Every structure is written in structure tokens, then in C-alpha cells.
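The next block is protein-v9.csv, given as CSV, C-alpha atoms and all ligand atoms.
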```
chain,number,residue,atom,x,y,z
A,1,MET,CA,0.0,0.0,0.0
A,2,GLN,CA,2.8,2.4,1.0
A,3,ARG,CA,4.6,1.5,-2.2
A,4,ASN,CA,1.5,2.4,-4.3
A,5,VAL,CA,1.3,5.8,-2.6
A,6,ARG,CA,5.0,6.4,-3.4
A,7,ASP,CA,4.6,5.3,-7.0
A,8,ALA,CA,1.7,7.6,-7.4
A,9,ASN,CA,3.8,10.5,-6.1
A,10,LEU,CA,6.6,9.6,-8.4
A,11,ALA,CA,4.2,9.4,-11.4
A,12,ARG,CA,3.0,12.9,-10.6
A,13,SER,CA,6.4,14.6,-10.3
A,14,PRO,CA,7.3,16.4,-13.5
A,15,SER,CA,10.6,15.8,-15.2
A,16,ARG,CA,12.7,18.9,-14.7
A,17,LEU,CA,16.0,19.9,-16.1
A,18,VAL,CA,18.1,22.9,-14.9
A,19,VAL,CA,19.8,24.7,-17.7
A,20,ALA,CA,22.4,27.3,-16.8
A,21,VAL,CA,24.0,29.6,-19.3
A,22,THR,CA,27.2,31.3,-18.4
A,23,GLY,CA,29.5,33.9,-20.0
A,24,ALA,CA,31.7,31.7,-22.2
A,25,SER,CA,31.4,32.1,-25.9
A,26,GLY,CA,28.6,30.0,-27.5
A,27,SER,CA,25.2,31.3,-26.4
A,28,ALA,CA,23.8,29.7,-29.5
A,29,LEU,CA,24.4,26.3,-28.0
A,30,ALA,CA,22.2,27.1,-25.1
A,31,LEU,CA,19.4,28.4,-27.2
A,32,GLU,CA,19.5,25.5,-29.6
A,33,LEU,CA,19.4,23.0,-26.7
A,34,LEU,CA,16.5,24.8,-25.1
A,35,ARG,CA,14.6,25.0,-28.4
A,36,TRP,CA,15.0,21.3,-29.0
A,37,LEU,CA,14.1,20.2,-25.5
A,38,ARG,CA,11.0,22.4,-25.6
A,39,GLU,CA,9.9,20.7,-28.9
A,40,ALA,CA,11.0,17.2,-28.3
A,41,THR,CA,10.3,16.6,-24.6
A,42,ASP,CA,7.7,17.5,-22.0
A,43,TRP,CA,10.4,18.4,-19.5
A,44,GLU,CA,10.1,21.5,-17.3
A,45,LEU,CA,13.0,23.7,-18.2
A,46,HIS,CA,14.4,25.7,-15.3
A,47,VAL,CA,16.8,28.3,-16.6
A,48,VAL,CA,19.4,30.6,-15.1
A,49,VAL,CA,21.4,33.0,-17.2
A,50,SER,CA,24.4,34.8,-15.7
A,51,ALA,CA,25.1,38.5,-16.2
A,52,ALA,CA,28.1,37.6,-18.3
A,53,ALA,CA,26.1,35.2,-20.4
A,54,LEU,CA,23.6,38.0,-21.2
A,55,ARG,CA,26.5,40.2,-22.3
A,56,THR,CA,27.9,37.4,-24.5
A,57,ALA,CA,24.5,36.6,-26.0
A,58,ARG,CA,23.9,40.3,-26.8
A,59,LEU,CA,27.3,40.5,-28.5
A,60,GLU,CA,27.1,37.1,-30.3
A,61,LEU,CA,23.5,36.9,-31.3
A,62,GLY,CA,22.0,40.3,-30.5
A,63,VAL,CA,19.5,38.8,-28.1
A,64,GLY,CA,18.6,39.5,-24.5
A,65,ARG,CA,17.1,37.7,-21.5
A,66,GLU,CA,13.8,37.4,-23.3
A,67,ALA,CA,15.2,34.9,-25.8
A,68,PHE,CA,16.0,32.5,-23.0
A,69,ALA,CA,12.8,33.3,-21.1
A,70,ALA,CA,10.7,32.4,-24.1
A,71,LEU,CA,12.0,28.9,-24.0
A,72,ALA,CA,11.9,28.4,-20.2
A,73,ASP,CA,9.2,27.2,-17.9
A,74,ALA,CA,10.9,29.1,-15.0
A,75,MET,CA,13.6,31.7,-15.1
A,76,TYR,CA,15.8,32.6,-12.1
A,77,ALA,CA,18.2,35.4,-11.3
A,78,ASN,CA,21.7,34.1,-10.7
A,79,LYS,CA,21.8,36.0,-7.4
A,80,ASP,CA,18.6,34.3,-6.2
A,81,ILE,CA,20.3,31.8,-4.0
A,82,GLY,CA,17.0,30.9,-2.3
A,83,ALA,CA,15.3,29.7,-5.6
A,84,SER,CA,13.8,26.2,-5.7
A,85,ILE,CA,16.7,24.8,-7.7
A,86,ALA,CA,19.1,25.7,-4.9
A,87,SER,CA,17.5,22.9,-2.8
A,88,GLY,CA,18.1,19.2,-3.1
A,89,SER,CA,14.5,18.6,-2.2
A,90,PHE,CA,13.4,20.1,-5.6
A,91,ALA,CA,13.7,16.9,-7.7
A,92,THR,CA,15.3,17.3,-11.1
A,93,LEU,CA,16.7,15.0,-13.8
A,94,GLY,CA,19.9,17.0,-13.5
A,95,MET,CA,21.6,20.1,-14.7
A,96,VAL,CA,23.6,21.3,-17.7
A,97,VAL,CA,25.8,24.4,-17.8
A,98,ILE,CA,26.0,25.4,-21.5
A,99,PRO,CA,28.3,27.0,-22.3
A,100,CYS,CA,30.3,26.8,-19.1
A,101,SER,CA,32.8,29.6,-18.4
A,102,MET,CA,36.1,28.9,-16.7
A,103,ASN,CA,34.8,31.1,-13.8
A,104,THR,CA,31.8,28.9,-13.2
A,105,LEU,CA,33.8,25.7,-13.7
A,106,ALA,CA,36.2,26.9,-11.0
A,107,ALA,CA,33.3,27.8,-8.7
A,108,ILE,CA,31.7,24.3,-9.1
A,109,ALA,CA,35.1,22.6,-8.8
A,110,HIS,CA,35.6,24.3,-5.4
A,111,GLY,CA,32.1,23.8,-4.1
A,112,LEU,CA,31.2,27.5,-4.0
A,113,GLY,CA,27.6,28.5,-3.6
A,114,ASP,CA,27.5,32.2,-3.9
A,115,THR,CA,25.6,32.3,-7.1
A,116,LEU,CA,22.5,30.2,-8.0
A,117,ILE,CA,24.3,28.5,-10.8
A,118,ALA,CA,27.1,27.3,-8.6
A,119,ARG,CA,24.8,26.4,-5.8
A,120,ALA,CA,22.4,24.4,-8.1
A,121,ALA,CA,25.4,22.6,-9.6
A,122,ASP,CA,26.7,21.8,-6.1
A,123,VAL,CA,23.2,20.5,-5.1
A,124,THR,CA,23.1,18.4,-8.3
A,125,LEU,CA,26.4,16.7,-7.4
A,126,LYS,CA,25.5,16.2,-3.7
A,127,GLU,CA,22.2,14.6,-4.8
A,128,ARG,CA,24.1,12.4,-7.2
A,129,ARG,CA,22.2,13.7,-10.2
A,130,ARG,CA,23.6,14.1,-13.6
A,131,LEU,CA,25.6,17.3,-14.1
A,132,VAL,CA,26.9,18.1,-17.5
A,133,LEU,CA,29.3,21.0,-18.1
A,134,VAL,CA,30.1,22.3,-21.6
A,135,PRO,CA,33.2,24.3,-21.0
A,136,ARG,CA,34.4,26.6,-23.7
A,137,GLU,CA,37.9,27.9,-23.6
A,138,THR,CA,41.1,27.4,-25.6
A,139,PRO,CA,43.9,26.8,-25.0
A,140,LEU,CA,43.4,25.3,-21.5
A,141,ASN,CA,45.8,26.1,-18.7
A,142,LEU,CA,46.6,23.8,-15.8
A,143,ILE,CA,44.0,25.4,-13.5
A,144,HIS,CA,41.3,24.7,-16.1
A,145,LEU,CA,42.4,21.1,-16.5
A,146,ARG,CA,42.6,20.5,-12.8
A,147,ASN,CA,39.2,22.0,-12.3
A,148,MET,CA,37.8,19.7,-15.0
A,149,THR,CA,39.4,16.7,-13.2
A,150,ALA,CA,37.9,17.8,-9.9
A,151,VAL,CA,34.4,18.1,-11.2
A,152,THR,CA,34.8,14.7,-13.0
A,153,GLU,CA,36.0,13.1,-9.8
A,154,ALA,CA,32.9,14.6,-8.1
A,155,GLY,CA,30.6,13.0,-10.6
A,156,ALA,CA,30.1,15.6,-13.3
A,157,VAL,CA,30.4,14.9,-17.1
A,158,VAL,CA,32.7,17.4,-18.9
A,159,ALA,CA,31.5,17.6,-22.5
A,160,PRO,CA,33.5,20.3,-24.4
A,161,PRO,CA,31.7,21.7,-27.5
A,162,VAL,CA,33.8,19.8,-30.0
A,163,PRO,CA,32.2,18.7,-33.2
A,164,ALA,CA,32.5,15.4,-35.0
A,165,PHE,CA,33.9,16.2,-38.5
A,166,TYR,CA,32.6,13.0,-40.0
A,167,LEU,CA,28.9,13.8,-39.9
A,168,GLY,CA,28.7,15.7,-43.2
A,169,GLU,CA,29.1,19.3,-44.1
A,170,LEU,CA,29.7,21.4,-41.0
A,171,THR,CA,27.9,24.7,-41.4
A,172,PRO,CA,27.8,26.9,-38.3
A,173,GLN,CA,24.1,25.9,-37.8
A,174,ARG,CA,24.8,22.2,-38.1
A,175,LEU,CA,27.8,22.5,-35.8
A,176,VAL,CA,25.6,24.2,-33.1
A,177,GLN,CA,22.8,21.6,-33.6
A,178,GLN,CA,25.3,18.7,-33.5
A,179,ILE,CA,26.8,19.9,-30.2
A,180,ALA,CA,23.4,20.6,-28.6
A,181,MET,CA,22.1,17.1,-29.6
A,182,ARG,CA,25.2,15.5,-28.2
A,183,VAL,CA,24.5,17.2,-24.9
A,184,ALA,CA,20.8,16.2,-25.0
A,185,SER,CA,22.0,12.6,-25.6
A,186,LEU,CA,23.8,12.8,-22.3
A,187,PHE,CA,20.4,13.0,-20.7
A,188,GLY,CA,19.1,10.1,-22.6
A,189,VAL,CA,17.2,12.1,-25.3
A,190,ALA,CA,18.6,12.8,-28.7
A,191,PRO,CA,17.5,12.5,-32.3
A,192,ALA,CA,19.4,10.6,-35.0
A,193,PRO,CA,21.5,11.4,-36.9
A,194,TRP,CA,23.2,14.4,-35.4
A,195,ALA,CA,25.0,12.7,-32.5
A,196,GLN,CA,25.4,9.3,-33.9
A,197,TRP,CA,27.9,7.4,-36.0
A,198,THR,CA,26.1,4.3,-37.3
A,199,GLY,CA,29.1,2.7,-39.0
A,200,GLU,CA,30.7,3.1,-42.4
A,201,GLU,CA,28.6,2.7,-45.5
A,301,LIG,C1,32.5,38.3,-25.4
A,301,LIG,C2,33.0,37.5,-24.3
A,301,LIG,C3,33.4,36.2,-24.5
A,301,LIG,C4,33.9,35.4,-23.5
A,301,LIG,N1,34.3,34.1,-23.8
A,301,LIG,C5,34.7,33.3,-22.8
A,301,LIG,C6,35.0,31.9,-23.0
A,301,LIG,O1,34.9,31.4,-24.1
A,301,LIG,N2,35.3,31.1,-22.0
A,301,LIG,C7,35.4,31.6,-20.7
A,301,LIG,O2,35.7,30.9,-19.8
A,301,LIG,N3,35.2,32.9,-20.4
A,301,LIG,C8,34.8,33.8,-21.4
A,301,LIG,N4,34.5,35.1,-21.2
A,301,LIG,C9,34.7,35.6,-19.8
A,301,LIG,C10,33.6,35.3,-18.9
A,301,LIG,O3,32.4,35.9,-19.4
A,301,LIG,C11,33.9,35.9,-17.5
A,301,LIG,O4,34.9,35.2,-16.9
A,301,LIG,C12,32.7,36.0,-16.6
A,301,LIG,O5,33.1,36.5,-15.3
A,301,LIG,C13,32.0,34.7,-16.4
A,301,LIG,O6,31.0,34.8,-15.5
A,301,LIG,P1,29.9,33.7,-15.2
A,301,LIG,O7,30.7,32.4,-15.0
A,301,LIG,O8,29.1,34.1,-14.0
A,301,LIG,O9,29.1,33.6,-16.4
A,301,LIG,C14,34.0,35.9,-22.2
A,301,LIG,C15,33.6,37.2,-22.0
A,301,LIG,C16,33.1,38.0,-23.0
A,301,LIG,C17,32.7,39.4,-22.7
```
Go ahead and render the structure in this file as C-alpha cells.
Ligand SMILES: Cc1cc2nc3c(=O)[nH]c(=O)nc-3n(C[C@H](O)[C@H](O)[C@H](O)COP(=O)(O)O)c2cc1C
Amino acid sequence: MQRNVRDANLARSPSRLVVAVTGASGSALALELLRWLREATDWELHVVVSAAALRTARLELGVGREAFAALADAMYANKDIGASIASGSFATLGMVVIPCSMNTLAAIAHGLGDTLIARAADVTLKERRRLVLVPRETPLNLIHLRNMTAVTEAGAVVAPPVPAFYLGELTPQRLVQQIAMRVASLFGVAPAPWAQWTGEE
């Protein structure tokens, strides 16, 4: 009987994904991922965009906060460290930071919780949920590499936005789609053929 009640509660709880966007280059990756998840899943998308990410998005795409808000079920300010996603009791499928700046990578690697993005990532790790970081920087210094090692040891998946060059003509649009799909596949959802190699013809 108790089991049935618990199952019913589980069945009712929505699938939620936290999507954090930080100030590394590549805002288009975040928008593409959000766009696709909105279309292809019924997941609730909980979105946080850092101040630096807004600056980068404005520069790279000429868009502002509203472009992200239009694709989100809930939007949070990065300084709102009391938001629902700052608590482990708020059940989620996990969290992705796309793109992930070296600044936010460092904060996560060192367990900081002074921004909502860092706190939500820390919570995702402590709850043993999936945390995917899409760090964009090149070249990498030893601090970046050590921070990537630290987050990997803590359970995160580090997935740099590196395209596969064997999947046909790589226009900028296809490159962005391919990387976004690869990230989606890390959460168990992804369409063919972007992220898949199905063998040589
Ligand atoms: C146009 C622009 C491009 C940037 N590109 C990168 C980048 O590719 N990788 C990175 O780690 N930081 C990059 N930065 C620097 C970050 O935005 C900066 O470190 C910021 O403090 C990150 O804050 P956040 O982690 O809260 O988003 C860039 C900044 C600007 C203005």
C-alpha cells in the first residue's frame, strides 16, 4: 500500500532539467538545446542565465534575456540563491551548464555556492544527479584542466563543444545543432542522426 502511494507521487512529479547559461562564448548552443528540448520533450526547463552570459548573448546573437525566457518554464536570477533549484528537495533530472565559463567551472570545482548556478550545480552533485558541463575555452591552462578533473571526480560529465567532423558538411548551424544534440543525448534524449555514428557505409 505504502509502495502504491509512493509510486503515485513519483508518477506525478514532473521531469525537470536545470539549464544554466554562463558567459563563455557559445550562447547559440544554449538556445539550440532549449529550443530542441522544448519541442521534443515535456520536461520543465528551469533556466538561469548569468550576467556575463547575457553580455555574451547580446554580443554574439543580438538577443537578451527574453530569448531564454521564451523557452523556459521558469527563469531565475543568478543572485537568487534561495530559488527552488538551490535545494536538493526540488527533484530534477539533473543540470547542464552550457556554455560553461572557466569562472563557473572553478566555482563548481571548489564547491562555491555564492551564485544560484554554482549552488544548483553543487546540489546536483550532492544529490548524485547528472551534471553536464560544456566548458568553452582554448587553450586550456593547468588550472582549467585541474578543475575539470575535480568536477569529473565529483561525478560531473565534462563535455566540451567539440564537433565530429565525419557527420557531413559542418555549417555553423549544423555545428551548433550537433553539439546541442550531443548534450541532449547525455540526458538520454537525442534524435538521430546528429549525434550518432552508425558505421561506415
Ligand atoms: C565576449 C566574451 C566572450 C567570452 N568568452 C569566454 C569563453 O569562451 N570562456 C570563458 O571561460 N570565459 C569567457 N569570457 C569571460 C567570462 O564571461 C567571465 O569570466 C565571466 O566572469 C564569467 O561569469 P559567469 O561564470 O558568471 O558567467 C568571455 C567574456 C566575454 C565578454
* To do: Residues up to 12 Å from ligand LIG 301 (chain A), counting only C-alpha atoms and all ligand atoms: could you list those as a PyMOL selection string?
  => chain A and resi 20-27+48-62+77-79+97-108+113-118+133-141+143-144+160-161
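The space between CA of Ala164 (chain A) and CA of Gln178 (chain A) spans 8.1 Å.
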* Separation of CA of Asn147 (chain A) from CA of Met95 (chain A), in Å and rounded to one decimal -> 17.9 Å
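Nearest residue to Glu44 (chain A) among A:Arg16, A:His110, A:Arg146, A:Arg174 is A:Arg16, counting all atoms listed in the file.
The coordinates place CA of Val176 (chain A) at 12.0 Å from CA of Arg35 (chain A).
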List as a tab-separated table (two decimals) with C-alpha atoms, in the coordinates of the input the residues having at least one atom at most 8 Å from position (16.3, 14.9, -13.7) as given in the file, counting all atoms listed in the file.
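What landed in part_3.tsv:
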```
chain	number	residue	atom	x	y	z
A	15	SER	CA	10.60	15.80	-15.20
A	16	ARG	CA	12.70	18.90	-14.70
A	17	LEU	CA	16.00	19.90	-16.10
A	91	ALA	CA	13.70	16.90	-7.70
A	92	THR	CA	15.30	17.30	-11.10
A	93	LEU	CA	16.70	15.00	-13.80
A	94	GLY	CA	19.90	17.00	-13.50
A	95	MET	CA	21.60	20.10	-14.70
A	129	ARG	CA	22.20	13.70	-10.20
A	130	ARG	CA	23.60	14.10	-13.60
```
* Looking at only C-alpha atoms, which of A:Val183, A:Val63, A:Ala30, A:Val189 is the one that sits closest to Asp42 (chain A)? ->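 With only C-alpha atoms as the atom set, the closest residue is A:Val189.
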